[in-house]
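Student: Before I ask anything, here is the structure I am working with.
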Amino acid sequence: MTTHEDVTQLDAVSAELLEEARRHDAHRAARTLITGSLQRATVVALAEGAELAEHDAPPAATLYVVTGRVQLHTHDHTWMLERGQLVRIPPERHGLTALADSAVLLTVALH
């Protein structure tokens with residue numbers, strides 16, 4: 001169960017990473033919050049216009065928009081996602097573009 005402290009920490013980490021992303025040449029920053037043998041949870045911050053180029057999907061993954069607005073895309077589909085939205089990442093090549101300064105929580109199954 002998520003506690004208020006967990007949510008506050010996620011917001012604080014997201015804000016910190018967005019500041020870092022704005023200063024970084026690649027316009028992105030990330031920090032893994034939880035890691036284990038079966039899953040990983042990482043906050044990824046993207047300054048407006050930054051992209052994660054198309055890449056292969058892990059066995060299972062979800063994307064939660066902490067703040068901002070992003071576009072998740074595959075070869076055949078595009079999803080516009082805003083703050084508070086959670087989606088399953090399709091099991092195919094995909095990419096992500098920040099339509100505004102954004103932070104997302106990526107949760108990935110490792111096996």
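We label chains A, B, ... in the order they appear in the structure tokens, count residues from 1 in each chain, and number ligands from 1 in the order shown.
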Assign secondary structure with DSSP using the backbone only, and return the residues of chain A in alpha helix (DSSP H) as a list in words.

Tutor: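 So, restricting chain A to alpha helix (DSSP H), we get His4, Glu5, Asp6, Val7, Thr8, Gln9, Leu10, Asp11, Ala12, Val13, Ser14, Ala15, Glu16, Leu17, Leu18, Glu19, Glu20, Ala21, Arg22 and Arg23 of chain A.
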
Student: Give me, as a ChimeraX atom specification, all polymer residues having an atom no more than 12 Å from Asp11 of chain A, counting only C-alpha atoms and skipping those fewer than 5 positions away in the same chain.

Tutor: /A:4-6,16-18,43,45,65-68,83-84,102-105

Student: Can you spit out the residues from that selection as a compact mmCIF listing (two decimals), in the first residue's frame, using C-alpha atoms?

Tutor:
```
# COMPACT_ATOMS: atom_id res chain seq x y z
CA HIS A 4 1.54 9.72 1.78
CA GLU A 5 5.31 9.78 2.38
CA ASP A 6 5.89 7.58 -0.69
CA GLU A 16 14.69 17.25 -8.60
CA LEU A 17 15.18 15.16 -11.75
CA LEU A 18 13.30 17.68 -13.91
CA VAL A 43 11.66 7.83 -12.39
CA ALA A 45 12.43 13.12 -16.20
CA VAL A 65 2.83 10.04 -15.57
CA VAL A 66 3.86 11.81 -12.36
CA THR A 67 3.78 15.26 -13.95
CA GLY A 68 3.57 16.77 -17.41
CA ARG A 83 -0.44 13.61 -15.16
CA GLY A 84 -2.04 10.79 -13.20
CA SER A 102 7.50 15.64 -17.63
CA ALA A 103 8.40 12.95 -15.13
CA VAL A 104 7.21 9.36 -15.44
CA LEU A 105 7.49 6.31 -13.22
```

Student: Give the strand (DSSP E) residues of chain A, as assigned by DSSP on the backbone, as a PDB file with C-alpha atoms, in the first residue's frame.

Tutor:
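Listing of result_34.pdb after writing:
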```pdb
ATOM      1  CA  ARG A  28      16.668  13.901 -19.484  1.00  0.00           C
ATOM      2  CA  ALA A  29      17.590  12.386 -16.133  1.00  0.00           C
ATOM      3  CA  ALA A  30      16.627   9.212 -14.305  1.00  0.00           C
ATOM      4  CA  ARG A  31      16.881   7.549 -10.920  1.00  0.00           C
ATOM      5  CA  THR A  32      16.018   3.976  -9.984  1.00  0.00           C
ATOM      6  CA  LEU A  33      13.981   4.003  -6.768  1.00  0.00           C
ATOM      7  CA  ILE A  34      13.344   0.294  -6.319  1.00  0.00           C
ATOM      8  CA  THR A  35      15.301  -2.603  -7.717  1.00  0.00           C
ATOM      9  CA  GLN A  39      11.289  -5.781 -11.030  1.00  0.00           C
ATOM     10  CA  ARG A  40      12.623  -2.249 -11.156  1.00  0.00           C
ATOM     11  CA  ALA A  41      10.933   1.143 -10.657  1.00  0.00           C
ATOM     12  CA  THR A  42      12.638   4.175 -12.181  1.00  0.00           C
ATOM     13  CA  VAL A  43      11.660   7.829 -12.387  1.00  0.00           C
ATOM     14  CA  VAL A  44      12.554   9.334 -15.764  1.00  0.00           C
ATOM     15  CA  ALA A  45      12.426  13.116 -16.203  1.00  0.00           C
ATOM     16  CA  LEU A  46      12.294  14.627 -19.683  1.00  0.00           C
ATOM     17  CA  GLU A  51      12.768  11.794 -26.441  1.00  0.00           C
ATOM     18  CA  LEU A  52      13.568   8.250 -25.533  1.00  0.00           C
ATOM     19  CA  ALA A  53      14.232   6.735 -28.938  1.00  0.00           C
ATOM     20  CA  GLU A  54      12.423   3.575 -29.985  1.00  0.00           C
ATOM     21  CA  HIS A  55      13.625   0.543 -28.077  1.00  0.00           C
ATOM     22  CA  ALA A  60       6.136  -6.446 -18.855  1.00  0.00           C
ATOM     23  CA  ALA A  61       6.115  -2.754 -17.951  1.00  0.00           C
ATOM     24  CA  THR A  62       3.882   0.111 -16.896  1.00  0.00           C
ATOM     25  CA  LEU A  63       4.254   3.861 -17.275  1.00  0.00           C
ATOM     26  CA  TYR A  64       2.718   6.316 -14.799  1.00  0.00           C
ATOM     27  CA  VAL A  65       2.834  10.043 -15.566  1.00  0.00           C
ATOM     28  CA  VAL A  66       3.864  11.814 -12.361  1.00  0.00           C
ATOM     29  CA  THR A  67       3.776  15.258 -13.950  1.00  0.00           C
ATOM     30  CA  ARG A  69       2.377  15.316 -20.703  1.00  0.00           C
ATOM     31  CA  VAL A  70       4.034  12.629 -22.852  1.00  0.00           C
ATOM     32  CA  GLN A  71       3.442  10.713 -26.050  1.00  0.00           C
ATOM     33  CA  LEU A  72       4.067   6.960 -25.999  1.00  0.00           C
ATOM     34  CA  HIS A  73       4.265   5.508 -29.482  1.00  0.00           C
ATOM     35  CA  THR A  78       0.154   6.646 -30.301  1.00  0.00           C
ATOM     36  CA  TRP A  79      -1.036   7.403 -26.766  1.00  0.00           C
ATOM     37  CA  MET A  80      -1.168  10.931 -25.325  1.00  0.00           C
ATOM     38  CA  LEU A  81      -0.752  10.667 -21.560  1.00  0.00           C
ATOM     39  CA  GLU A  82      -1.098  13.299 -18.869  1.00  0.00           C
ATOM     40  CA  LEU A  86      -1.142   4.819 -15.926  1.00  0.00           C
ATOM     41  CA  VAL A  87      -0.733   2.527 -18.949  1.00  0.00           C
ATOM     42  CA  ARG A  88       0.707  -0.861 -19.745  1.00  0.00           C
ATOM     43  CA  HIS A  94       8.196   1.869 -28.537  1.00  0.00           C
ATOM     44  CA  GLY A  95       9.426   5.383 -27.848  1.00  0.00           C
ATOM     45  CA  LEU A  96       8.495   8.275 -25.580  1.00  0.00           C
ATOM     46  CA  THR A  97       8.404  12.029 -26.253  1.00  0.00           C
ATOM     47  CA  ALA A  98       7.878  14.790 -23.687  1.00  0.00           C
ATOM     48  CA  SER A 102       7.501  15.640 -17.631  1.00  0.00           C
ATOM     49  CA  ALA A 103       8.396  12.950 -15.127  1.00  0.00           C
ATOM     50  CA  VAL A 104       7.215   9.359 -15.437  1.00  0.00           C
ATOM     51  CA  LEU A 105       7.492   6.311 -13.219  1.00  0.00           C
ATOM     52  CA  LEU A 106       8.552   3.291 -15.246  1.00  0.00           C
ATOM     53  CA  THR A 107       7.995  -0.082 -13.608  1.00  0.00           C
ATOM     54  CA  VAL A 108       9.608  -3.014 -15.398  1.00  0.00           C
ATOM     55  CA  ALA A 109       9.433  -6.775 -14.905  1.00  0.00           C
TER      56      ALA A 109
END
```

Student: Work out how far atom CA of Thr74 of chain A is from atom CA of Ala26 of chain A, in Å to one decimal.

Tutor: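 That distance, rounded to one decimal, is 21.7 Å.
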
Student: Between A:Glu92, A:Glu48, A:Asp76, A:Asp56, which has the minimum distance to Glu19 of chain A (counting only C-alpha atoms)?

Tutor: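 Between A:Glu92, A:Glu48, A:Asp76, A:Asp56, the residue approaching Glu19 of chain A most closely is A:Glu48.
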
Student: Interatomic distance between atom CA of Ser37 of chain A and atom CA of Ala12 of chain A?

Tutor: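 Atom CA of Ala12 of chain A lies 26.0 Å from atom CA of Ser37 of chain A.
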
Student: Calculate how many Å separate atom CA of His24 of chain A from atom CA of Pro91 of chain A, rounding to one decimal.

Tutor: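 Separation of atom CA of His24 of chain A and atom CA of Pro91 of chain A: 29.7 Å.
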
Student: Could you tell me which of A:Pro90, A:Ser14, A:Leu110, A:Gln85 comes closest to Ala57 of chain A if we count only C-alpha atoms?

Tutor: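 Under the stated criterion, the closest residue is A:Pro90.
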